[in-house]
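Asker: The following block contains the structure, expressed as structure tokens.
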Amino acid sequence: MAIARARLGAYARWQLRDFILGPGGITIGIVLLQIWIASRTQIIQSGTGPPRPPSLDWLVQLVGLLGSIYATSSLVSEDRARGYYRFLFAKPVGPVRYYAQAFVLRGLVLLVLAALISGLGAWIGRPVPLFGAVAYTAVMYVFAGGVTACQSTVWRFAWVGSLILYLASIPVAQAAAPDSPIGPVARSLWRVVHVILPPFTQQTFLEGMLASAPNWGDIAGSIAWCVGYGLIALMAGAFVIRGLEWAR
Amino acid sequence: MIECVDLTKTYQGNVLALDKLSLRAERGEVVGIAGPNGAGKSTLISLLLGYLHPTSGTVRLGGLPPRQYVEHYRVGYLSELIAMHPRWRADEALARFALLAGVPNAEARAQIPALLSQLGLDEHRTKVVRALSKGNLQRLGLAQALLGDPDVLILDEPTHGLDPVWLLRFRAVMRDLRRPDRTMLIASHDLAELSALADRVYIIDHGQVVRSVDTRATATPEARAYRLALSSGAALVPSVFPAARPAGAEGSFELPAIDLATLNAGLAELLRGGAQLVSVAPTESLLEYHFRDAVEKVSA
């Protein structure tokens, strides 16, 4: 019996193509449309200065959060629900390696998109720092993409789960905050929930990465929390895949 | 090569799909799996590929747990329902699966056109999956299973959706696939196909192997039903075979289950009486007989 190994690296172009023809392409289309609209819009900020196109920071934030959730929502669940796994994993390929590669490739597309927003922002006169845009998207992708990809191993509506977690994290963060009007015992309980829930509220701090001169010292904790949470979610996803019963 | 020992699979809700099922398929052997709907065939195949985990018992491919074997040596697998992305082109689908099967580029360039040609898909190579007919899709599924020349082939209802012309060609393709170092397992409802292709057929029902039939054996069961056709002397039949029933055309009879000695004695008597025998044949193949007998016994 000769040992066989899938040529997964060479298969990357097919994974990339599938993504571009699906959620990736739609995301790229929406981003380009928004940049085009921005390029044709002139606004006066703070009531002074000449009219300028609106800032594109929000577009990077959109790609970082919603783009990451959208890109990873069907990562595993589609193959499982549609039965594509049957032929894919009868070949000498481990599902964890297969999906890890797909996850990385989808993330790279979003990073390129963030760089594109930065470049086109400069072109229309509203630059977004290239490093900040790419770093912010990378952190958000590992975090929000990791949380969503983990859920996609067990159900088809991972994007719904991530949006629910996002919405739930806001009041929980408020209840757990030191200035919360609730009592100390309840606040301690909410703090536990706050730590368990994905730290979506750290996004506000992460947005500091998009400033022209970010204060990395202030942001480092949020970056570590989000990246750590995302990596743990990804490891949990890999663990689920390894023990998954694909057939139902 | 393939070994299941006391394999049990219980689904949620305590549904027992396999119940201490044991079977073996050796290298060079073609083994068939037959059984009524819901007998546990698909569950068995999912367990063989590691897509399900057994509740108890063991399953081994080449002495290894299924996923370990598949991920190191590859398995040629054709599922009953062909699930491929509808936007993939036929030739592209094979190119993708060749990469996943670890087939080097040079080999893939030779193998893919050869398989497309062998399975009559040349003219459909540029069609997307959703544009393929059921039969063409089935053949594309078989083509992807054969990529990389795997030592283990697991085919679930391989003739599902094939037209009569391809049903015949399929048998020839299957015969060509037989080789001393390859193990083939075919699950099918088509007993004639299994009789023609398999060395041994496991009949499973209610999750258990209820019989193992050696299709190469010449021994006939103790009693079988026969169809008898005479060109003359039909009037003698009721006296020689009192249980015989007329069967359609004049001079045709069905003989309920009788043993070989009684059949031959009766035929000799008919011939002595001047009857002209046209044909005598079992009403069902050996496998059909065993299948019916085994399943009926389980139901009883």
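Residue numbering restarts at 1 for every chain of the structure tokens, chains are lettered A, B, ... in their displayed order, and ligands are numbered from 1 as they appear.
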Residues of chain B within 7 Å of chain A, counting only C-alpha atoms, what are they? List them as a PDB file with N, CA and C atoms, in the first residue's frame.
Answerer:
ATOM      1  N   SER B  46     -20.989   4.491   5.746  1.00  0.00           N
ATOM      2  CA  SER B  46     -20.527   5.700   6.461  1.00  0.00           C
ATOM      3  C   SER B  46     -19.534   5.326   7.561  1.00  0.00           C
ATOM      4  N   LEU B  49     -16.080   4.576   6.070  1.00  0.00           N
ATOM      5  CA  LEU B  49     -15.328   5.762   5.657  1.00  0.00           C
ATOM      6  C   LEU B  49     -15.019   6.690   6.836  1.00  0.00           C
ATOM      7  N   TYR B  51     -17.245   8.361   8.473  1.00  0.00           N
ATOM      8  CA  TYR B  51     -18.201   9.478   8.529  1.00  0.00           C
ATOM      9  C   TYR B  51     -19.176   9.309   9.696  1.00  0.00           C
ATOM     10  N   LEU B  52     -19.180   8.139  10.273  1.00  0.00           N
ATOM     11  CA  LEU B  52     -19.909   7.878  11.515  1.00  0.00           C
ATOM     12  C   LEU B  52     -18.962   7.114  12.444  1.00  0.00           C
ATOM     13  N   HIS B  53     -19.219   7.177  13.715  1.00  0.00           N
ATOM     14  CA  HIS B  53     -18.418   6.408  14.674  1.00  0.00           C
ATOM     15  C   HIS B  53     -19.276   5.280  15.225  1.00  0.00           C
ATOM     16  N   VAL B  70      -8.094   6.104   5.349  1.00  0.00           N
ATOM     17  CA  VAL B  70      -8.523   6.969   4.235  1.00  0.00           C
ATOM     18  C   VAL B  70      -7.548   8.130   4.065  1.00  0.00           C
ATOM     19  N   GLU B  71      -7.141   8.735   5.169  1.00  0.00           N
ATOM     20  CA  GLU B  71      -6.299   9.931   5.084  1.00  0.00           C
ATOM     21  C   GLU B  71      -4.852   9.608   4.700  1.00  0.00           C
ATOM     22  N   HIS B  72      -4.479   8.330   4.767  1.00  0.00           N
ATOM     23  CA  HIS B  72      -3.117   7.962   4.378  1.00  0.00           C
ATOM     24  C   HIS B  72      -3.048   7.197   3.058  1.00  0.00           C
ATOM     25  N   TYR B  73      -4.123   6.510   2.721  1.00  0.00           N
ATOM     26  CA  TYR B  73      -4.025   5.649   1.528  1.00  0.00           C
ATOM     27  C   TYR B  73      -5.103   5.926   0.481  1.00  0.00           C
ATOM     28  N   ARG B  74      -6.124   6.670   0.819  1.00  0.00           N
ATOM     29  CA  ARG B  74      -7.240   7.007  -0.058  1.00  0.00           C
ATOM     30  C   ARG B  74      -8.164   5.807  -0.331  1.00  0.00           C
ATOM     31  N   VAL B  75      -9.419   6.113  -0.511  1.00  0.00           N
ATOM     32  CA  VAL B  75     -10.432   5.110  -0.832  1.00  0.00           C
ATOM     33  C   VAL B  75     -11.213   5.635  -2.030  1.00  0.00           C
ATOM     34  N   GLY B  76     -11.508   4.775  -2.958  1.00  0.00           N
ATOM     35  CA  GLY B  76     -12.377   5.176  -4.060  1.00  0.00           C
ATOM     36  C   GLY B  76     -13.813   4.976  -3.609  1.00  0.00           C
ATOM     37  N   TYR B  77     -14.554   6.057  -3.545  1.00  0.00           N
ATOM     38  CA  TYR B  77     -15.902   5.962  -2.983  1.00  0.00           C
ATOM     39  C   TYR B  77     -16.912   6.604  -3.923  1.00  0.00           C
ATOM     40  N   ALA B  83     -23.156  14.058  -4.607  1.00  0.00           N
ATOM     41  CA  ALA B  83     -23.167  15.432  -4.115  1.00  0.00           C
ATOM     42  C   ALA B  83     -21.892  16.132  -4.563  1.00  0.00           C
ATOM     43  N   MET B  84     -22.039  16.928  -5.625  1.00  0.00           N
ATOM     44  CA  MET B  84     -20.922  17.754  -6.097  1.00  0.00           C
ATOM     45  C   MET B  84     -21.465  19.148  -6.320  1.00  0.00           C
ATOM     46  N   ARG B  96     -10.023  18.718  -9.630  1.00  0.00           N
ATOM     47  CA  ARG B  96     -10.018  19.014  -8.190  1.00  0.00           C
ATOM     48  C   ARG B  96      -9.813  17.731  -7.388  1.00  0.00           C
ATOM     49  N   LEU B  99      -6.341  16.321  -7.386  1.00  0.00           N
ATOM     50  CA  LEU B  99      -5.428  16.989  -6.439  1.00  0.00           C
ATOM     51  C   LEU B  99      -5.638  16.437  -5.035  1.00  0.00           C
ATOM     52  N   LEU B 100      -6.917  16.302  -4.666  1.00  0.00           N
ATOM     53  CA  LEU B 100      -7.197  15.799  -3.315  1.00  0.00           C
ATOM     54  C   LEU B 100      -6.791  14.336  -3.172  1.00  0.00           C
ATOM     55  N   ALA B 101      -6.815  13.612  -4.295  1.00  0.00           N
ATOM     56  CA  ALA B 101      -6.406  12.205  -4.247  1.00  0.00           C
ATOM     57  C   ALA B 101      -4.883  12.081  -4.271  1.00  0.00           C
ATOM     58  N   GLY B 102      -4.199  13.222  -4.411  1.00  0.00           N
ATOM     59  CA  GLY B 102      -2.734  13.205  -4.418  1.00  0.00           C
ATOM     60  C   GLY B 102      -2.145  12.708  -5.723  1.00  0.00           C
TER      61      GLY B 102
END
Asker: Could you pull out the strand (DSSP E or B) residues of segment 222-279 of chain B, going by DSSP on the backbone, and write them as a list in words?
Answerer: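 For segment 222-279 of chain B, the strand (DSSP E or B) set is Arg224, Ala225, Tyr226, Arg227, Leu228, Ala229, Leu230, Ser231, Ser232, Arg245, Pro246, Ser252, Phe253, Glu254, Leu255, Pro256, Ala257, Ile258, Gln276, Leu277, Val278 and Ser279 of chain B.
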Asker: If we count only C-alpha atoms and set the cut-off at 7 Å, which residues sit around segment 184-194 of chain B, ignoring sequence neighbours fewer than 3 positions away in its own chain? Please answer as a list in words.
Answerer: Glu29, Val30, Val31, Gly32, Ile33, Ala34, Gly35, Lys41, Val152, Leu153, Ile154, Leu155, Asp156, Glu157, Leu197, Ala198, Leu287 and Glu288 of chain B
Asker: Could those residues be written to a file, using C-alpha atoms, as a PDB file, in the first residue's frame?
Answerer:
ATOM      1  CA  GLU B  29     -12.136  -9.907  -3.452  1.00  0.00           C
ATOM      2  CA  VAL B  30     -15.330  -8.271  -4.670  1.00  0.00           C
ATOM      3  CA  VAL B  31     -17.865  -8.310  -1.874  1.00  0.00           C
ATOM      4  CA  GLY B  32     -21.488  -7.365  -2.276  1.00  0.00           C
ATOM      5  CA  ILE B  33     -23.851  -5.948   0.319  1.00  0.00           C
ATOM      6  CA  ALA B  34     -27.535  -6.539  -0.298  1.00  0.00           C
ATOM      7  CA  GLY B  35     -30.494  -5.758   1.864  1.00  0.00           C
ATOM      8  CA  LYS B  41     -26.233  -0.507   4.176  1.00  0.00           C
ATOM      9  CA  VAL B 152     -10.096  -0.031  -1.831  1.00  0.00           C
ATOM     10  CA  LEU B 153     -13.260   0.762  -3.759  1.00  0.00           C
ATOM     11  CA  ILE B 154     -16.548   1.284  -1.954  1.00  0.00           C
ATOM     12  CA  LEU B 155     -19.482   1.702  -4.295  1.00  0.00           C
ATOM     13  CA  ASP B 156     -22.949   2.466  -2.977  1.00  0.00           C
ATOM     14  CA  GLU B 157     -25.677   1.727  -5.532  1.00  0.00           C
ATOM     15  CA  LEU B 197     -19.876  -9.028 -10.082  1.00  0.00           C
ATOM     16  CA  ALA B 198     -19.369 -10.164  -6.498  1.00  0.00           C
ATOM     17  CA  LEU B 287     -28.688 -14.924  -4.748  1.00  0.00           C
ATOM     18  CA  GLU B 288     -32.335 -13.985  -5.204  1.00  0.00           C
TER      19      GLU B 288
END
Asker: What is the atom CA of Arg156 of chain A-atom CA of Ser74 of chain A distance in Å, reported with one decimal?
Answerer: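 Here the two named atoms are 6.6 Å from each other.
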Asker: Env of Val60 of chain A: 9 Å cut, atoms = only C-alpha atoms, seq-sep filter 5 positions within chain, self excluded. Answer as a list in words.
Answerer: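 Here the answer would be Leu65, Leu113, Ala114, Ile117, Ser118, Val128, Ala133, Val134, Tyr136, Thr137 and Leu210 of chain A.
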Asker: In segment 85-193 of chain A, what's alpha helix (DSSP H) per DSSP? Answer as a PyMOL selection string?
Answerer: chain A and resi 85-88+95-123+130-140+146-152+158-176+184-193
Asker: Any chance you can output those residues with C-alpha atoms as a compact mmCIF listing (two decimals), in the first residue's frame?
Answerer:
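The result, written out as selection.txt:
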# COMPACT_ATOMS: atom_id res chain seq x y z
CA TYR A 85 -17.90 15.96 2.32
CA ARG A 86 -18.60 12.47 1.00
CA PHE A 87 -16.24 12.72 -1.97
CA LEU A 88 -13.89 15.33 -0.48
CA PRO A 95 -10.85 17.70 7.25
CA VAL A 96 -9.02 19.92 9.78
CA ARG A 97 -6.20 20.67 7.32
CA TYR A 98 -8.69 21.23 4.52
CA TYR A 99 -10.75 23.76 6.46
CA ALA A 100 -7.73 25.40 8.08
CA GLN A 101 -6.42 26.18 4.59
CA ALA A 102 -9.82 27.46 3.47
CA PHE A 103 -10.01 29.67 6.57
CA VAL A 104 -6.58 31.18 5.91
CA LEU A 105 -7.33 31.77 2.22
CA ARG A 106 -10.61 33.52 2.97
CA GLY A 107 -8.83 35.69 5.50
CA LEU A 108 -6.17 36.61 2.93
CA VAL A 109 -8.90 37.77 0.54
CA LEU A 110 -10.27 40.07 3.27
CA LEU A 111 -6.78 41.41 3.98
CA VAL A 112 -6.30 42.20 0.30
CA LEU A 113 -9.69 43.90 0.38
CA ALA A 114 -8.64 45.99 3.39
CA ALA A 115 -5.47 46.99 1.53
CA LEU A 116 -7.62 47.86 -1.49
CA ILE A 117 -9.84 50.10 0.63
CA SER A 118 -6.72 51.79 1.95
CA GLY A 119 -5.35 52.31 -1.56
CA LEU A 120 -8.62 53.49 -3.06
CA GLY A 121 -9.18 55.72 0.00
CA ALA A 122 -5.91 57.47 -0.76
CA TRP A 123 -6.97 57.79 -4.40
CA LEU A 130 -2.54 50.61 5.13
CA PHE A 131 -0.95 48.83 8.09
CA GLY A 132 -3.79 49.78 10.41
CA ALA A 133 -6.46 48.60 7.92
CA VAL A 134 -4.74 45.28 7.30
CA ALA A 135 -3.89 44.68 10.97
CA TYR A 136 -7.42 45.58 12.10
CA THR A 137 -8.96 43.23 9.52
CA ALA A 138 -6.55 40.45 10.49
CA VAL A 139 -7.41 40.74 14.19
CA MET A 140 -11.14 40.92 13.49
CA GLY A 146 -12.82 32.16 14.31
CA VAL A 147 -15.99 32.38 16.41
CA THR A 148 -18.17 31.97 13.31
CA ALA A 149 -16.10 29.17 11.78
CA CYS A 150 -16.29 27.29 15.07
CA GLN A 151 -20.09 27.52 15.00
CA SER A 152 -20.21 26.43 11.36
CA ALA A 158 -23.35 30.41 12.19
CA TRP A 159 -23.77 34.04 11.04
CA VAL A 160 -27.01 34.24 13.03
CA GLY A 161 -25.18 32.89 16.08
CA SER A 162 -22.41 35.45 15.71
CA LEU A 163 -24.85 38.33 15.29
CA ILE A 164 -26.79 37.20 18.37
CA LEU A 165 -23.53 36.98 20.33
CA TYR A 166 -22.57 40.43 19.04
CA LEU A 167 -25.89 41.96 20.10
CA ALA A 168 -25.87 40.13 23.45
CA SER A 169 -22.34 41.25 24.24
CA ILE A 170 -23.30 44.97 24.27
CA PRO A 171 -25.77 44.98 27.22
CA VAL A 172 -23.65 42.39 29.02
CA ALA A 173 -20.58 44.66 28.74
CA GLN A 174 -22.66 47.57 30.03
CA ALA A 175 -23.90 45.51 32.99
CA ALA A 176 -20.37 44.33 33.78
CA PRO A 184 -21.85 44.49 43.05
CA VAL A 185 -22.94 40.83 43.22
CA ALA A 186 -24.96 41.05 40.02
CA ARG A 187 -22.13 43.00 38.40
CA SER A 188 -19.68 40.23 39.29
CA LEU A 189 -21.96 37.68 37.68
CA TRP A 190 -22.32 39.79 34.54
CA ARG A 191 -18.54 40.18 34.47
CA VAL A 192 -18.20 36.39 34.31
CA VAL A 193 -20.68 36.30 31.43
Asker: Excluding Glu222 of chain B and residues on its chain fewer than 5 positions from it, collect all residues at most 12 Å away from it, counting only C-alpha atoms, and give them as a list in words.
Answerer: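 Residues meeting the cut-off are Ala257, Ile258, Asp259, Leu260, Ala261, Thr262, Leu263, Leu286, Tyr289, His290 and Asp293 of chain B.
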Asker: For the residues in the current selection, export C-alpha atoms as a PDB file, in the first residue's frame.
Answerer:
ATOM      1  CA  ALA B 257     -39.977 -25.274  -4.376  1.00  0.00           C
ATOM      2  CA  ILE B 258     -38.785 -28.826  -4.963  1.00  0.00           C
ATOM      3  CA  ASP B 259     -35.444 -30.517  -4.450  1.00  0.00           C
ATOM      4  CA  LEU B 260     -33.131 -31.413  -7.281  1.00  0.00           C
ATOM      5  CA  ALA B 261     -33.753 -35.172  -7.060  1.00  0.00           C
ATOM      6  CA  THR B 262     -37.538 -34.734  -7.297  1.00  0.00           C
ATOM      7  CA  LEU B 263     -37.103 -32.344 -10.220  1.00  0.00           C
ATOM      8  CA  LEU B 286     -29.172 -18.324  -6.343  1.00  0.00           C
ATOM      9  CA  TYR B 289     -33.306 -17.253  -3.578  1.00  0.00           C
ATOM     10  CA  HIS B 290     -31.026 -16.666  -0.605  1.00  0.00           C
ATOM     11  CA  ASP B 293     -35.295 -16.846   2.031  1.00  0.00           C
TER      12      ASP B 293
END
Asker: Grab the atom CA of Ser39 of chain A to atom CA of Ile20 of chain A distance for me, in Å with one decimal place.
Answerer: 24.4 Å
Asker: Would you compute the distance between atom CA of Glu26 of chain B and atom CA of Ile2 of chain B? Give it in Å to one decimal.
Answerer: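 Computing the Euclidean distance for atom CA of Glu26 of chain B and atom CA of Ile2 of chain B yields 6.6 Å.
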Asker: Env of Ala235 of chain B: 12 Å cut, atoms = only C-alpha atoms, seq-sep filter 5 positions within chain, self excluded. Answer as a PyMOL selection string.
Answerer: chain B and resi 230+240-242+244+246+250-253+270+273-276
Asker: May I have the selected residues written with N, CA and C atoms, as a PDB file, in the first residue's frame?
Answerer:
ATOM      1  N   LEU B 230     -42.606 -26.634 -22.114  1.00  0.00           N
ATOM      2  CA  LEU B 230     -42.687 -27.837 -22.949  1.00  0.00           C
ATOM      3  C   LEU B 230     -43.324 -27.471 -24.280  1.00  0.00           C
ATOM      4  N   VAL B 240     -47.328 -35.559 -12.998  1.00  0.00           N
ATOM      5  CA  VAL B 240     -45.935 -35.722 -12.544  1.00  0.00           C
ATOM      6  C   VAL B 240     -45.602 -34.719 -11.423  1.00  0.00           C
ATOM      7  N   PHE B 241     -45.987 -33.469 -11.640  1.00  0.00           N
ATOM      8  CA  PHE B 241     -45.762 -32.417 -10.625  1.00  0.00           C
ATOM      9  C   PHE B 241     -47.127 -31.877 -10.198  1.00  0.00           C
ATOM     10  N   PRO B 242     -47.767 -32.501  -9.221  1.00  0.00           N
ATOM     11  CA  PRO B 242     -49.141 -32.097  -8.842  1.00  0.00           C
ATOM     12  C   PRO B 242     -49.244 -30.629  -8.413  1.00  0.00           C
ATOM     13  N   ALA B 244     -47.648 -28.113  -9.747  1.00  0.00           N
ATOM     14  CA  ALA B 244     -47.279 -27.175 -10.827  1.00  0.00           C
ATOM     15  C   ALA B 244     -48.442 -26.259 -11.163  1.00  0.00           C
ATOM     16  N   PRO B 246     -49.858 -23.441 -14.141  1.00  0.00           N
ATOM     17  CA  PRO B 246     -49.636 -22.868 -15.480  1.00  0.00           C
ATOM     18  C   PRO B 246     -49.058 -21.465 -15.332  1.00  0.00           C
ATOM     19  N   GLU B 250     -48.745 -21.190 -23.276  1.00  0.00           N
ATOM     20  CA  GLU B 250     -49.145 -22.606 -23.264  1.00  0.00           C
ATOM     21  C   GLU B 250     -47.906 -23.494 -23.126  1.00  0.00           C
ATOM     22  N   GLY B 251     -47.988 -24.492 -22.278  1.00  0.00           N
ATOM     23  CA  GLY B 251     -46.859 -25.400 -22.051  1.00  0.00           C
ATOM     24  C   GLY B 251     -45.871 -24.881 -21.021  1.00  0.00           C
ATOM     25  N   SER B 252     -46.162 -23.702 -20.446  1.00  0.00           N
ATOM     26  CA  SER B 252     -45.258 -23.155 -19.417  1.00  0.00           C
ATOM     27  C   SER B 252     -45.847 -23.386 -18.031  1.00  0.00           C
ATOM     28  N   PHE B 253     -44.994 -23.795 -17.132  1.00  0.00           N
ATOM     29  CA  PHE B 253     -45.451 -24.086 -15.758  1.00  0.00           C
ATOM     30  C   PHE B 253     -44.449 -23.532 -14.748  1.00  0.00           C
ATOM     31  N   LEU B 270     -41.449 -37.223 -17.450  1.00  0.00           N
ATOM     32  CA  LEU B 270     -42.065 -36.461 -18.547  1.00  0.00           C
ATOM     33  C   LEU B 270     -41.467 -36.878 -19.886  1.00  0.00           C
ATOM     34  N   GLY B 273     -42.545 -40.172 -21.026  1.00  0.00           N
ATOM     35  CA  GLY B 273     -43.938 -40.116 -21.492  1.00  0.00           C
ATOM     36  C   GLY B 273     -44.090 -39.438 -22.839  1.00  0.00           C
ATOM     37  N   GLY B 274     -42.936 -38.969 -23.423  1.00  0.00           N
ATOM     38  CA  GLY B 274     -42.973 -38.385 -24.761  1.00  0.00           C
ATOM     39  C   GLY B 274     -43.033 -36.869 -24.781  1.00  0.00           C
ATOM     40  N   ALA B 275     -42.907 -36.233 -23.610  1.00  0.00           N
ATOM     41  CA  ALA B 275     -42.934 -34.763 -23.582  1.00  0.00           C
ATOM     42  C   ALA B 275     -41.647 -34.210 -24.207  1.00  0.00           C
ATOM     43  N   GLN B 276     -41.794 -33.058 -24.877  1.00  0.00           N
ATOM     44  CA  GLN B 276     -40.629 -32.372 -25.456  1.00  0.00           C
ATOM     45  C   GLN B 276     -40.294 -31.170 -24.573  1.00  0.00           C
TER      46      GLN B 276
END
Asker: Report as a PDB file with N, CA and C atoms, in the first residue's frame all protein, DNA and RNA residues lying within 12 Å of Glu284 of chain B, evaluated on only C-alpha atoms, omitting residues in the same chain fewer than 6 positions from it.
Answerer:
ATOM      1  N   LEU B 191     -29.786  -7.454  -7.382  1.00  0.00           N
ATOM      2  CA  LEU B 191     -29.194  -8.753  -7.059  1.00  0.00           C
ATOM      3  C   LEU B 191     -28.537  -9.400  -8.272  1.00  0.00           C
ATOM      4  N   ALA B 192     -29.090  -9.140  -9.455  1.00  0.00           N
ATOM      5  CA  ALA B 192     -28.484  -9.704 -10.669  1.00  0.00           C
ATOM      6  C   ALA B 192     -27.086  -9.118 -10.859  1.00  0.00           C
ATOM      7  N   SER B 195     -24.828 -10.681  -8.339  1.00  0.00           N
ATOM      8  CA  SER B 195     -24.525 -12.068  -8.738  1.00  0.00           C
ATOM      9  C   SER B 195     -23.427 -12.081  -9.785  1.00  0.00           C
ATOM     10  N   THR B 220     -26.482 -25.981  -4.990  1.00  0.00           N
ATOM     11  CA  THR B 220     -27.797 -25.338  -5.041  1.00  0.00           C
ATOM     12  C   THR B 220     -28.510 -25.582  -3.718  1.00  0.00           C
ATOM     13  N   PRO B 221     -29.423 -24.748  -3.390  1.00  0.00           N
ATOM     14  CA  PRO B 221     -30.163 -24.964  -2.154  1.00  0.00           C
ATOM     15  C   PRO B 221     -31.004 -26.233  -2.236  1.00  0.00           C
ATOM     16  N   ALA B 223     -34.099 -26.801  -1.898  1.00  0.00           N
ATOM     17  CA  ALA B 223     -35.368 -26.731  -2.658  1.00  0.00           C
ATOM     18  C   ALA B 223     -35.491 -25.361  -3.304  1.00  0.00           C
ATOM     19  N   ARG B 224     -35.797 -25.369  -4.597  1.00  0.00           N
ATOM     20  CA  ARG B 224     -35.980 -24.098  -5.315  1.00  0.00           C
ATOM     21  C   ARG B 224     -37.186 -24.209  -6.227  1.00  0.00           C
ATOM     22  N   ALA B 225     -37.728 -23.071  -6.603  1.00  0.00           N
ATOM     23  CA  ALA B 225     -38.834 -23.051  -7.571  1.00  0.00           C
ATOM     24  C   ALA B 225     -38.239 -23.001  -8.983  1.00  0.00           C
ATOM     25  N   TYR B 226     -38.919 -23.666  -9.931  1.00  0.00           N
ATOM     26  CA  TYR B 226     -38.410 -23.719 -11.307  1.00  0.00           C
ATOM     27  C   TYR B 226     -39.502 -23.289 -12.274  1.00  0.00           C
ATOM     28  N   ARG B 227     -39.055 -22.853 -13.452  1.00  0.00           N
ATOM     29  CA  ARG B 227     -40.001 -22.575 -14.545  1.00  0.00           C
ATOM     30  C   ARG B 227     -39.713 -23.609 -15.638  1.00  0.00           C
ATOM     31  N   GLU B 254     -44.952 -23.219 -13.598  1.00  0.00           N
ATOM     32  CA  GLU B 254     -44.079 -22.888 -12.473  1.00  0.00           C
ATOM     33  C   GLU B 254     -44.160 -24.012 -11.467  1.00  0.00           C
ATOM     34  N   LEU B 255     -43.014 -24.512 -11.076  1.00  0.00           N
ATOM     35  CA  LEU B 255     -42.983 -25.583 -10.089  1.00  0.00           C
ATOM     36  C   LEU B 255     -42.599 -24.967  -8.750  1.00  0.00           C
ATOM     37  N   PRO B 256     -43.455 -25.081  -7.752  1.00  0.00           N
ATOM     38  CA  PRO B 256     -43.085 -24.559  -6.430  1.00  0.00           C
ATOM     39  C   PRO B 256     -41.854 -25.299  -5.910  1.00  0.00           C
ATOM     40  N   ALA B 257     -41.262 -24.774  -4.854  1.00  0.00           N
ATOM     41  CA  ALA B 257     -39.977 -25.274  -4.376  1.00  0.00           C
ATOM     42  C   ALA B 257     -39.932 -26.799  -4.271  1.00  0.00           C
ATOM     43  N   HIS B 290     -31.536 -16.855  -1.967  1.00  0.00           N
ATOM     44  CA  HIS B 290     -31.026 -16.666  -0.605  1.00  0.00           C
ATOM     45  C   HIS B 290     -31.560 -15.377   0.000  1.00  0.00           C
ATOM     46  N   PHE B 291     -31.634 -14.333  -0.817  1.00  0.00           N
ATOM     47  CA  PHE B 291     -32.115 -13.045  -0.318  1.00  0.00           C
ATOM     48  C   PHE B 291     -33.547 -13.177   0.193  1.00  0.00           C
ATOM     49  N   ARG B 292     -34.389 -13.755  -0.647  1.00  0.00           N
ATOM     50  CA  ARG B 292     -35.803 -13.902  -0.272  1.00  0.00           C
ATOM     51  C   ARG B 292     -35.930 -14.779   0.973  1.00  0.00           C
ATOM     52  N   ASP B 293     -35.204 -15.898   0.931  1.00  0.00           N
ATOM     53  CA  ASP B 293     -35.295 -16.846   2.031  1.00  0.00           C
ATOM     54  C   ASP B 293     -34.825 -16.212   3.349  1.00  0.00           C
TER      55      ASP B 293
END
